[in-house]
Amino acid sequence: MHEKIIILDFGSQTTQLIGRRVRDLKTYCEIVPYNKFPFGDESVKGVILSGSPFSVNDENAFKSDLTNIRGKYPVLGICYGAQLMVNLAGGEVSQPNSREYGRAHLNIQDKNDKLFGNIKQNSEVWMSHGDTIVKAPSNFTQVASTEDVEWAAYRINNEETWGVQFHPEVFHTEHGNDLLDNFLTICGMKRDWTPASFVESTVNDLRVELGNDKVILALSGGVDSSVTA
């Protein structure tokens, strides 16, 4: 079974893009609903919390209990995911005077932070959020800011947990792939996943589970994508 990253989907339009970026880095990932974390799956090595169309202050906002996730796995919260961790820990998230949208430049305060290794000072990032982190809990450390966003990135002390209010998955973030790659390194990922290796490992797992010498695996392309082994 391939080691994997779990992406908890809070409804963002770019959740699938996060998955694509992770797979482009030769790492297997699964996107699951925000409240369907696969506890007990030993192949999970790290967790990404997606963005969301909601505000964390909305009554009907998607929220997850992260008690058994934070501290057990490396965690990266993106936009809403970052704000959610602040909100759940007793910090303050609220609307600024205007929506923070578009290009910004990153001021990295902690140049030794593992998530920001090899990321250039003043590099371009993409903001797209209606809320912003106003006050973080005392055990949250500011890692980076922009001209308009004080808490552009943070980490939680004594955990491998980070939050960023910009979107590393989009093209406009200059070193977005580098940041995601750094996170995968923190998770200890081997970078050995390809679609072909996924098919091979899935077939082998089915052989063991079913006790059959022959397995037919139908993929998304229908009959043309069936694999017999």
# chains A, B, ... in the order shown; residues from 1 in each chain; ligands from 1
$ select_by_dssp --residues "range 93-172 of chain A" --states "strand (DSSP E or B)" --output "ChimeraX atom specification"
/A:93-94,100-105,107-108,124-129,132-135,140-145,153-156,161-164,166
$ closest_residue --among "A:Met85, A:Cys29, A:Ile119, A:Cys79" --to "Asn139 in chain A" --atoms "only C-alpha atoms"
A:Met85
$ residues_around --residues "range 86-96 of chain A" --least-positions-apart "3" --cutoff "10 Å" --atoms "only C-alpha atoms" --output "VMD selection string"
chain A and resid 55 to 57 63 to 67 80 to 83 99 to 100 129 to 140 148 to 149 154 156 163
$ select_by_dssp --residues "range 33-206 of chain A" --states "alpha helix (DSSP H)" --output "ChimeraX atom specification"
/A:80-88,176-186,195-206
$ residues_around --residues "range 11-28 of chain A" --least-positions-apart "5" --cutoff "10 Å" --atoms "only C-alpha atoms" --output "tab-separated table (two decimals) with all heavy atoms, in the first residue's frame"
chain	number	residue	atom	x	y	z
A	2	HIS	N	0.57	2.18	-0.88
A	2	HIS	CA	1.35	3.40	-0.97
A	2	HIS	C	1.11	4.29	0.25
A	2	HIS	O	0.00	4.43	0.74
A	2	HIS	CB	0.96	4.20	-2.22
A	2	HIS	CG	1.73	3.80	-3.44
A	2	HIS	ND1	3.05	4.15	-3.64
A	2	HIS	CD2	1.36	3.08	-4.52
A	2	HIS	CE1	3.45	3.65	-4.80
A	2	HIS	NE2	2.46	3.01	-5.35
A	3	GLU	N	2.21	4.90	0.75
A	3	GLU	CA	2.05	5.95	1.75
A	3	GLU	C	1.31	7.10	1.08
A	3	GLU	O	1.41	7.30	-0.13
A	3	GLU	CB	3.41	6.39	2.26
A	3	GLU	CG	4.34	6.90	1.17
A	3	GLU	CD	5.73	7.20	1.68
A	3	GLU	OE1	6.05	6.76	2.79
A	3	GLU	OE2	6.50	7.87	0.96
A	4	LYS	N	0.59	7.88	1.88
A	4	LYS	CA	-0.28	8.89	1.27
A	4	LYS	C	-0.38	10.16	2.11
A	4	LYS	O	-0.14	10.16	3.32
A	4	LYS	CB	-1.67	8.32	1.05
A	4	LYS	CG	-2.47	8.10	2.33
A	4	LYS	CD	-3.82	7.44	2.08
A	4	LYS	CE	-3.68	6.00	1.70
A	4	LYS	NZ	-4.98	5.27	1.80
A	5	ILE	N	-0.78	11.21	1.41
A	5	ILE	CA	-1.20	12.45	2.04
A	5	ILE	C	-2.71	12.52	1.97
A	5	ILE	O	-3.30	12.23	0.91
A	5	ILE	CB	-0.59	13.68	1.32
A	5	ILE	CG1	0.94	13.67	1.40
A	5	ILE	CG2	-1.17	14.98	1.88
A	5	ILE	CD1	1.49	13.86	2.79
A	6	ILE	N	-3.35	12.89	3.05
A	6	ILE	CA	-4.80	13.10	3.05
A	6	ILE	C	-5.08	14.60	2.93
A	6	ILE	O	-4.51	15.41	3.66
A	6	ILE	CB	-5.44	12.56	4.34
A	6	ILE	CG1	-5.42	11.03	4.33
A	6	ILE	CG2	-6.88	13.05	4.49
A	6	ILE	CD1	-6.27	10.38	3.25
A	33	PRO	N	-13.87	14.13	2.32
A	33	PRO	CA	-14.65	15.20	2.96
A	33	PRO	C	-14.05	15.61	4.30
A	33	PRO	O	-13.39	14.81	4.97
A	33	PRO	CB	-16.04	14.56	3.14
A	33	PRO	CG	-16.10	13.49	2.09
A	33	PRO	CD	-14.71	12.96	1.97
A	34	TYR	N	-14.28	16.85	4.65
A	34	TYR	CA	-13.67	17.45	5.84
A	34	TYR	C	-13.90	16.65	7.12
A	34	TYR	O	-13.11	16.71	8.07
A	34	TYR	CB	-14.20	18.87	6.03
A	34	TYR	CG	-15.66	18.93	6.42
A	34	TYR	CD1	-16.06	19.05	7.74
A	34	TYR	CD2	-16.67	18.85	5.45
A	34	TYR	CE1	-17.39	19.10	8.10
A	34	TYR	CE2	-18.00	18.89	5.79
A	34	TYR	CZ	-18.36	19.01	7.12
A	34	TYR	OH	-19.69	19.05	7.45
A	44	VAL	N	-1.21	6.83	6.06
A	44	VAL	CA	-1.31	8.29	6.06
A	44	VAL	C	-0.08	8.88	6.74
A	44	VAL	O	0.24	8.53	7.88
A	44	VAL	CB	-2.59	8.76	6.79
A	44	VAL	CG1	-2.64	10.29	6.84
A	44	VAL	CG2	-3.83	8.21	6.10
A	48	ILE	N	-3.32	17.82	4.66
A	48	ILE	CA	-3.49	19.18	4.16
A	48	ILE	C	-4.96	19.58	4.35
A	48	ILE	O	-5.86	18.81	3.98
A	48	ILE	CB	-3.10	19.29	2.68
A	48	ILE	CG1	-1.60	18.98	2.50
A	48	ILE	CG2	-3.42	20.69	2.13
A	48	ILE	CD1	-1.15	18.96	1.05
A	49	LEU	N	-5.18	20.74	4.92
A	49	LEU	CA	-6.53	21.28	5.09
A	49	LEU	C	-6.77	22.30	3.99
A	49	LEU	O	-6.02	23.26	3.87
A	49	LEU	CB	-6.68	21.95	6.46
A	49	LEU	CG	-6.18	21.18	7.69
A	49	LEU	CD1	-6.37	22.02	8.94
A	49	LEU	CD2	-6.90	19.84	7.82
A	50	SER	N	-7.81	22.09	3.20
A	50	SER	CA	-8.05	22.95	2.03
A	50	SER	C	-8.68	24.28	2.43
A	50	SER	O	-9.03	24.52	3.59
A	50	SER	CB	-8.96	22.23	1.04
A	50	SER	OG	-10.33	22.38	1.42
A	51	GLY	N	-8.86	25.12	1.43
A	51	GLY	CA	-9.63	26.34	1.60
A	51	GLY	C	-11.13	26.03	1.62
A	51	GLY	O	-11.54	24.87	1.62
A	52	SER	N	-11.94	27.08	1.62
A	52	SER	CA	-13.39	26.90	1.71
A	52	SER	C	-14.10	28.17	1.26
A	52	SER	O	-13.55	29.28	1.41
A	52	SER	CB	-13.80	26.58	3.15
A	52	SER	OG	-15.21	26.51	3.29
A	53	PRO	N	-15.33	28.05	0.73
A	53	PRO	CA	-16.11	29.25	0.44
A	53	PRO	C	-16.69	29.89	1.69
A	53	PRO	O	-17.19	31.01	1.65
A	53	PRO	CB	-17.22	28.72	-0.47
A	53	PRO	CG	-17.38	27.29	-0.06
A	53	PRO	CD	-16.00	26.82	0.29
A	54	PHE	N	-16.63	29.18	2.81
A	54	PHE	CA	-17.19	29.68	4.06
A	54	PHE	C	-16.20	30.58	4.80
A	54	PHE	O	-15.00	30.52	4.59
A	54	PHE	CB	-17.55	28.53	5.00
A	54	PHE	CG	-18.75	27.72	4.59
A	54	PHE	CD1	-18.59	26.46	4.03
A	54	PHE	CD2	-20.03	28.21	4.76
A	54	PHE	CE1	-19.68	25.70	3.65
A	54	PHE	CE2	-21.14	27.46	4.38
A	54	PHE	CZ	-20.97	26.21	3.82
A	61	ALA	N	-20.48	26.81	8.71
A	61	ALA	CA	-19.16	26.51	8.16
A	61	ALA	C	-18.76	25.07	8.45
A	61	ALA	O	-19.09	24.51	9.50
A	61	ALA	CB	-18.13	27.47	8.76
A	62	PHE	N	-18.04	24.47	7.50
A	62	PHE	CA	-17.52	23.12	7.69
A	62	PHE	C	-16.38	23.18	8.71
A	62	PHE	O	-15.40	23.91	8.52
A	62	PHE	CB	-17.00	22.55	6.38
A	62	PHE	CG	-18.04	22.38	5.32
A	62	PHE	CD1	-17.70	22.45	3.98
A	62	PHE	CD2	-19.37	22.14	5.65
A	62	PHE	CE1	-18.65	22.29	2.99
A	62	PHE	CE2	-20.33	21.98	4.67
A	62	PHE	CZ	-19.97	22.06	3.33
A	78	ILE	N	-4.28	25.53	4.49
A	78	ILE	CA	-4.21	26.51	3.41
A	78	ILE	C	-5.44	27.41	3.47
A	78	ILE	O	-6.58	26.93	3.41
A	78	ILE	CB	-4.13	25.81	2.03
A	78	ILE	CG1	-2.83	25.01	1.92
A	78	ILE	CG2	-4.24	26.83	0.90
A	78	ILE	CD1	-2.72	24.19	0.63
A	79	CYS	N	-5.22	28.72	3.61
A	79	CYS	CA	-6.29	29.72	3.63
A	79	CYS	C	-7.31	29.40	4.73
A	79	CYS	O	-7.02	29.54	5.90
A	79	CYS	CB	-6.92	29.84	2.25
A	79	CYS	SG	-7.91	31.35	2.03
A	80	TYR	N	-8.51	28.92	4.39
A	80	TYR	CA	-9.50	28.57	5.40
A	80	TYR	C	-8.94	27.55	6.38
A	80	TYR	O	-9.21	27.63	7.58
A	80	TYR	CB	-10.74	28.00	4.71
A	80	TYR	CG	-11.82	27.52	5.66
A	80	TYR	CD1	-12.85	28.37	6.07
A	80	TYR	CD2	-11.84	26.21	6.13
A	80	TYR	CE1	-13.85	27.94	6.93
A	80	TYR	CE2	-12.83	25.75	6.99
A	80	TYR	CZ	-13.83	26.63	7.39
A	80	TYR	OH	-14.82	26.18	8.24
A	167	HIS	N	-2.26	30.89	-1.33
A	167	HIS	CA	-2.54	29.62	-2.01
A	167	HIS	C	-1.29	29.11	-2.74
A	167	HIS	O	-0.98	29.56	-3.84
A	167	HIS	CB	-3.69	29.80	-3.01
A	167	HIS	CG	-5.02	29.97	-2.37
A	167	HIS	ND1	-5.84	28.90	-2.07
A	167	HIS	CD2	-5.67	31.08	-1.93
A	167	HIS	CE1	-6.94	29.34	-1.49
A	167	HIS	NE2	-6.87	30.66	-1.39
A	168	PRO	N	-0.57	28.14	-2.15
A	168	PRO	CA	0.62	27.60	-2.82
A	168	PRO	C	0.28	26.77	-4.05
A	168	PRO	O	1.16	26.53	-4.89
A	168	PRO	CB	1.27	26.75	-1.73
A	168	PRO	CG	0.15	26.35	-0.83
A	168	PRO	CD	-0.79	27.53	-0.84
A	169	GLU	N	-0.95	26.33	-4.17
A	169	GLU	CA	-1.32	25.42	-5.26
A	169	GLU	C	-1.55	26.13	-6.59
A	169	GLU	O	-1.58	25.47	-7.64
A	169	GLU	CB	-2.58	24.62	-4.88
A	169	GLU	CG	-3.89	25.39	-4.86
A	169	GLU	CD	-4.18	26.10	-3.55
A	169	GLU	OE1	-3.22	26.32	-2.77
A	169	GLU	OE2	-5.35	26.42	-3.31
A	170	VAL	N	-1.71	27.47	-6.57
A	170	VAL	CA	-2.04	28.17	-7.81
A	170	VAL	C	-0.78	28.66	-8.50
A	170	VAL	O	0.26	28.89	-7.87
A	170	VAL	CB	-3.01	29.36	-7.56
A	170	VAL	CG1	-4.28	28.88	-6.89
A	170	VAL	CG2	-2.34	30.45	-6.74
A	176	GLY	N	5.15	28.10	-4.95
A	176	GLY	CA	4.14	27.25	-4.35
A	176	GLY	C	4.52	25.79	-4.35
A	176	GLY	O	4.35	25.08	-3.36
A	177	ASN	N	5.04	25.30	-5.49
A	177	ASN	CA	5.45	23.90	-5.56
A	177	ASN	C	6.60	23.60	-4.60
A	177	ASN	O	6.69	22.51	-4.03
A	177	ASN	CB	5.85	23.53	-6.99
A	177	ASN	CG	4.66	23.14	-7.84
A	177	ASN	OD1	3.53	23.09	-7.36
A	177	ASN	ND2	4.90	22.87	-9.11
A	178	ASP	N	7.51	24.57	-4.43
A	178	ASP	CA	8.61	24.38	-3.49
A	178	ASP	C	8.09	24.24	-2.07
A	178	ASP	O	8.58	23.42	-1.29
A	178	ASP	CB	9.58	25.56	-3.57
A	178	ASP	CG	10.31	25.64	-4.90
A	178	ASP	OD1	10.57	24.57	-5.50
A	178	ASP	OD2	10.62	26.76	-5.34
A	180	LEU	N	5.08	23.15	-1.15
A	180	LEU	CA	4.44	21.84	-1.04
A	180	LEU	C	5.48	20.73	-0.99
A	180	LEU	O	5.33	19.75	-0.24
A	180	LEU	CB	3.48	21.62	-2.20
A	180	LEU	CG	2.23	22.52	-2.21
A	180	LEU	CD1	1.45	22.32	-3.52
A	180	LEU	CD2	1.33	22.22	-1.01
A	181	ASP	N	6.54	20.88	-1.77
A	181	ASP	CA	7.62	19.89	-1.76
A	181	ASP	C	8.29	19.85	-0.38
A	181	ASP	O	8.61	18.77	0.13
A	181	ASP	CB	8.64	20.23	-2.85
A	181	ASP	CG	9.66	19.13	-3.06
A	181	ASP	OD1	9.24	17.99	-3.36
A	181	ASP	OD2	10.86	19.39	-2.92
A	183	PHE	N	6.85	20.54	2.41
A	183	PHE	CA	5.91	19.87	3.32
A	183	PHE	C	6.00	18.36	3.16
A	183	PHE	O	5.98	17.61	4.15
A	183	PHE	CB	4.49	20.36	3.07
A	183	PHE	CG	3.48	19.70	3.99
A	183	PHE	CD1	3.48	19.97	5.34
A	183	PHE	CD2	2.53	18.82	3.48
A	183	PHE	CE1	2.55	19.36	6.20
A	183	PHE	CE2	1.61	18.21	4.32
A	183	PHE	CZ	1.61	18.48	5.68
A	184	LEU	N	6.11	17.89	1.93
A	184	LEU	CA	6.22	16.45	1.70
A	184	LEU	C	7.51	15.90	2.30
A	184	LEU	O	7.54	14.77	2.79
A	184	LEU	CB	6.15	16.15	0.21
A	184	LEU	CG	4.84	16.54	-0.48
A	184	LEU	CD1	4.89	16.18	-1.96
A	184	LEU	CD2	3.63	15.87	0.17
A	189	MET	N	7.92	11.75	2.84
A	189	MET	CA	7.43	11.03	1.66
A	189	MET	C	8.58	10.61	0.76
A	189	MET	O	9.57	11.33	0.59
A	189	MET	CB	6.45	11.91	0.88
A	189	MET	CG	5.31	12.46	1.72
A	189	MET	SD	4.38	11.23	2.65
A	189	MET	CE	3.46	10.43	1.33
A	190	LYS	N	8.45	9.45	0.13
A	190	LYS	CA	9.52	8.88	-0.69
A	190	LYS	C	9.54	9.43	-2.11
A	190	LYS	O	10.53	9.25	-2.82
A	190	LYS	CB	9.37	7.36	-0.73
A	190	LYS	CG	9.50	6.69	0.62
A	190	LYS	CD	9.22	5.19	0.53
A	190	LYS	CE	9.30	4.54	1.89
A	190	LYS	NZ	8.95	3.08	1.82
A	191	ARG	N	8.47	10.01	-2.58
A	191	ARG	CA	8.36	10.54	-3.95
A	191	ARG	C	8.53	9.42	-4.99
A	191	ARG	O	9.21	9.58	-5.99
A	191	ARG	CB	9.38	11.62	-4.26
A	191	ARG	CG	9.61	12.68	-3.23
A	191	ARG	CD	8.39	13.56	-3.01
A	191	ARG	NE	8.81	14.87	-2.57
A	191	ARG	CZ	9.32	15.13	-1.36
A	191	ARG	NH1	9.45	14.15	-0.49
A	191	ARG	NH2	9.67	16.35	-1.04
A	192	ASP	N	7.91	8.28	-4.76
A	192	ASP	CA	8.05	7.15	-5.68
A	192	ASP	C	6.73	6.76	-6.33
A	192	ASP	O	6.62	5.70	-6.94
A	192	ASP	CB	8.63	5.94	-4.95
A	192	ASP	CG	7.73	5.45	-3.79
A	192	ASP	OD1	6.74	6.14	-3.47
A	192	ASP	OD2	8.05	4.40	-3.21
A	193	TRP	N	5.72	7.65	-6.24
A	193	TRP	CA	4.40	7.32	-6.78
A	193	TRP	C	4.28	7.78	-8.22
A	193	TRP	O	4.69	8.87	-8.59
A	193	TRP	CB	3.30	7.97	-5.96
A	193	TRP	CG	1.93	7.64	-6.47
A	193	TRP	CD1	1.18	6.55	-6.15
A	193	TRP	CD2	1.15	8.40	-7.41
A	193	TRP	NE1	-0.02	6.59	-6.84
A	193	TRP	CE2	-0.06	7.70	-7.62
A	193	TRP	CE3	1.38	9.59	-8.10
A	193	TRP	CZ2	-1.05	8.17	-8.47
A	193	TRP	CZ3	0.38	10.05	-8.96
A	193	TRP	CH2	-0.81	9.34	-9.14
A	194	THR	N	3.70	6.91	-9.05
A	194	THR	CA	3.28	7.25	-10.40
A	194	THR	C	1.95	6.56	-10.65
A	194	THR	O	1.60	5.60	-9.94
A	194	THR	CB	4.29	6.78	-11.46
A	194	THR	OG1	4.35	5.34	-11.43
A	194	THR	CG2	5.68	7.36	-11.21
A	195	PRO	N	1.17	7.00	-11.65
A	195	PRO	CA	-0.08	6.29	-11.95
A	195	PRO	C	0.17	4.80	-12.23
A	195	PRO	O	-0.62	3.96	-11.81
A	195	PRO	CB	-0.60	7.02	-13.20
A	195	PRO	CG	-0.07	8.41	-13.05
A	195	PRO	CD	1.29	8.24	-12.45
A	198	PHE	N	0.69	2.96	-9.04
A	198	PHE	CA	-0.57	2.83	-8.33
A	198	PHE	C	-1.37	1.65	-8.84
A	198	PHE	O	-1.92	0.86	-8.07
A	198	PHE	CB	-1.37	4.12	-8.47
A	198	PHE	CG	-2.76	4.03	-7.89
A	198	PHE	CD1	-2.96	4.03	-6.52
A	198	PHE	CD2	-3.88	3.95	-8.71
A	198	PHE	CE1	-4.22	3.95	-5.98
A	198	PHE	CE2	-5.15	3.85	-8.18
A	198	PHE	CZ	-5.32	3.85	-6.80
